[in-house]
file final_37.txt (compact mmCIF, C-alpha atoms)
# COMPACT_ATOMS: atom_id res chain seq x y z
CA GLN A 369 -32.61 228.02 -215.01
CA VAL A 370 -36.18 229.23 -214.96
CA GLN A 371 -37.32 231.34 -212.02
CA LEU A 372 -40.46 233.29 -211.32
CA VAL A 373 -40.05 235.70 -208.41
CA GLU A 374 -43.14 237.27 -206.87
CA SER A 375 -43.16 240.31 -204.60
CA GLY A 376 -45.55 242.87 -203.17
CA GLY A 377 -47.54 240.80 -200.71
CA ASP A 378 -48.30 242.47 -197.39
CA LEU A 379 -50.79 242.93 -194.56
CA VAL A 380 -53.43 245.48 -195.52
CA GLN A 381 -56.78 246.60 -194.16
CA ALA A 382 -60.00 245.86 -196.00
CA GLY A 383 -60.58 248.44 -198.71
CA GLY A 384 -56.88 248.91 -199.27
CA SER A 385 -54.72 248.24 -202.31
CA LEU A 386 -51.64 246.24 -203.19
CA ARG A 387 -49.62 245.75 -206.35
CA LEU A 388 -48.01 242.38 -206.90
CA SER A 389 -45.11 241.86 -209.29
CA CYS A 390 -43.65 238.72 -210.83
CA VAL A 391 -40.31 238.83 -212.63
CA ALA A 392 -39.41 235.93 -214.91
CA PHE A 393 -35.91 234.64 -215.56
CA GLY A 394 -34.81 232.00 -218.02
CA ILE A 395 -37.83 232.07 -220.34
CA ILE A 396 -38.80 234.02 -223.43
CA PHE A 397 -41.36 236.03 -221.50
CA SER A 398 -43.27 237.34 -224.51
CA ASN A 399 -44.02 233.78 -225.64
CA ASN A 400 -45.76 232.88 -222.40
CA ASP A 401 -49.27 233.28 -221.09
CA MET A 402 -48.96 234.62 -217.55
CA SER A 403 -51.38 233.99 -214.70
CA TRP A 404 -51.89 234.87 -211.06
CA TYR A 405 -53.29 232.17 -208.81
CA ARG A 406 -54.13 232.28 -205.14
CA GLN A 407 -54.39 229.58 -202.52
CA THR A 408 -56.28 229.95 -199.27
CA LEU A 409 -56.45 227.60 -196.33
CA GLU A 410 -59.92 226.46 -197.35
CA ASN A 411 -59.64 226.24 -201.11
CA GLN A 412 -57.52 224.72 -203.79
CA ARG A 413 -55.34 226.97 -205.83
CA GLU A 414 -57.54 229.05 -208.12
CA GLU A 415 -56.70 231.22 -211.09
CA VAL A 416 -57.39 234.86 -210.29
CA ALA A 417 -56.31 236.50 -213.54
CA MET A 418 -54.58 235.63 -216.79
CA ILE A 419 -52.98 237.69 -219.52
CA SER A 420 -52.07 235.86 -222.68
CA ARG A 421 -48.98 236.40 -224.78
CA ARG A 422 -51.27 238.44 -227.05
CA SER A 423 -52.59 240.41 -224.03
CA ALA A 424 -56.03 238.83 -223.91
CA ILE A 425 -57.22 239.03 -220.29
CA THR A 426 -59.53 237.00 -218.09
CA TYR A 427 -60.51 237.32 -214.43
CA THR A 428 -62.32 235.12 -211.98
CA ASP A 429 -65.73 236.61 -211.16
CA SER A 430 -64.91 237.52 -207.56
CA VAL A 431 -62.18 240.00 -208.57
CA LYS A 432 -63.72 241.59 -211.65
CA GLY A 433 -63.76 245.38 -211.32
CA ARG A 434 -61.23 245.30 -208.45
CA PHE A 435 -58.10 243.62 -209.84
CA THR A 436 -56.11 244.49 -212.96
CA ILE A 437 -53.49 242.28 -214.55
CA SER A 438 -50.87 243.74 -216.88
CA ARG A 439 -47.52 242.79 -218.35
CA ASP A 440 -44.35 244.55 -219.43
CA ASN A 441 -42.49 242.32 -221.86
CA ALA A 442 -39.47 244.62 -221.82
CA LYS A 443 -39.10 244.00 -218.09
CA ASN A 444 -40.14 240.31 -218.13
CA THR A 445 -42.71 241.25 -215.51
CA VAL A 446 -46.40 240.66 -214.89
CA TYR A 447 -48.34 242.75 -212.39
CA LEU A 448 -51.54 242.39 -210.42
CA GLN A 449 -53.05 245.62 -209.15
CA MET A 450 -55.51 244.79 -206.39
CA ASN A 451 -57.94 247.44 -205.19
CA ASP A 452 -60.78 247.38 -202.66
CA LEU A 453 -59.29 244.32 -201.02
CA LYS A 454 -61.53 242.07 -198.95
CA PRO A 455 -60.69 239.57 -196.19
CA GLU A 456 -61.60 236.74 -198.58
CA ASP A 457 -58.75 237.86 -200.87
CA THR A 458 -56.32 236.64 -198.21
CA GLY A 459 -53.99 233.92 -199.44
CA VAL A 460 -50.70 233.10 -201.07
CA TYR A 461 -50.53 234.50 -204.59
CA TYR A 462 -48.54 232.57 -207.17
CA CYS A 463 -47.32 233.52 -210.61
CA LYS A 464 -47.53 230.98 -213.43
CA ALA A 465 -45.94 230.99 -216.86
CA ARG A 466 -47.09 228.72 -219.63
CA ARG A 467 -46.03 228.60 -223.24
CA PRO A 468 -48.60 226.80 -225.41
CA GLY A 469 -47.34 223.25 -225.90
CA GLY A 470 -44.54 223.90 -223.45
CA PRO A 471 -43.87 223.43 -219.73
CA ILE A 472 -45.57 225.22 -216.85
CA TYR A 473 -43.51 227.18 -214.36
CA TRP A 474 -44.56 228.45 -210.93
CA GLY A 475 -43.15 231.00 -208.55
CA ARG A 476 -42.89 230.41 -204.81
CA GLY A 477 -45.68 232.82 -203.93
CA THR A 478 -46.21 235.99 -201.97
CA LEU A 479 -48.56 236.28 -198.99
CA VAL A 480 -51.44 238.73 -199.02
CA THR A 481 -53.32 239.21 -195.76
CA VAL A 482 -56.40 241.42 -195.62
CA SER A 483 -57.68 242.32 -192.18
CA SER A 484 -61.29 243.25 -191.53
call {"tool": "encode", "arguments": {"input": "final_37.txt", "output": "structure tokens"}}
result
Amino acid sequence: QVQLVESGGDLVQAGGSLRLSCVAFGIIFSNNDMSWYRQTLENQREEVAMISRRSAITYTDSVKGRFTISRDNAKNTVYLQMNDLKPEDTGVYYCKARRPGGPIYWGRGTLVTVSS
């Protein structure tokens, strides 16, 4: 059974940092492109960062220079280091795994709240 389990969400003041983790079970992790999405009350779910199975990386413009995505294939884990957090970063952060031509899997999310 496939499971993606996120952790690391918390309440933090603006300017602070958090590190999110997502551990994958039941997939060949190294074959999957891994993404972090976030969903706020106002917006649809948006992709924040992606790291491909070949470690190519993309970020949405609003987090460039502040967030860093990385992966450890030996630990089946993808990370999102978030620095200089802003209130608009508040939301539920979801992990997504996608193997090209294969199914998409989602975690249940972890809540990040940034106070001003």
call {"tool": "residues_around", "arguments": {"input": "final_37.txt", "residues": "Tyr447 (chain A)", "least_positions_apart": "4", "cutoff": "10 Å", "atoms": "all atoms listed in the file", "output": "list in words"}}
result
Glu374, Ser375, Gly376, Arg387, Leu388, Ser389, Cys390, Val391, Met402, Ser403, Trp404, Ile419, Thr436, Ile437, Ser438, Arg439, Asp440 and Cys463 of chain A
call {"tool": "closest_residue", "arguments": {"input": "final_37.txt", "among": "A:Thr426, A:Leu453, A:Trp474, A:Lys464", "to": "Val380 (chain A)", "atoms": "all atoms listed in the file"}}
result
A:Leu453
call {"tool": "residues_around", "arguments": {"input": "final_37.txt", "residues": "Asn399 (chain A)", "least_positions_apart": "3", "cutoff": "8 Å", "atoms": "all atoms listed in the file", "output": "short mmCIF file (atom, residue, chain, number, x, y, z; two decimals) with C-alpha atoms, in the coordinates of the input"}}
result
data_model
loop_
_atom_site.label_atom_id
_atom_site.label_comp_id
_atom_site.auth_asym_id
_atom_site.auth_seq_id
_atom_site.Cartn_x
_atom_site.Cartn_y
_atom_site.Cartn_z
CA ILE A 396 -38.80 234.02 -223.43
CA ARG A 421 -48.98 236.40 -224.78
CA ARG A 467 -46.03 228.60 -223.24
#
call {"tool": "residues_near_point", "arguments": {"input": "final_37.txt", "point": "(-46.5, 230.0, -206.2)", "cutoff": "8 Å", "atoms": "all atoms listed in the file", "output": "number ranges by chain"}}
result
A: 405, 460-464, 474-478
call {"tool": "closest_residue", "arguments": {"input": "final_37.txt", "among": "A:Leu409, A:Met418, A:Val482, A:Ala424", "to": "Leu386 (chain A)", "atoms": "all atoms listed in the file"}}
result
A:Val482
call {"tool": "closest_residue", "arguments": {"input": "final_37.txt", "among": "A:Ala465, A:Asn441, A:Val446, A:Glu456", "to": "Val370 (chain A)", "atoms": "all atoms listed in the file"}}
result
A:Ala465
call {"tool": "atom_distance", "arguments": {"input": "final_37.txt", "atom1": "CA of Ser484 (chain A)", "atom2": "CA of Asp452 (chain A)"}}
result
11.9 Å
call {"tool": "closest_residue", "arguments": {"input": "final_37.txt", "among": "A:Thr428, A:Asn451, A:Gln371, A:Thr481", "to": "Glu415 (chain A)", "atoms": "all atoms listed in the file"}}
result
A:Thr428
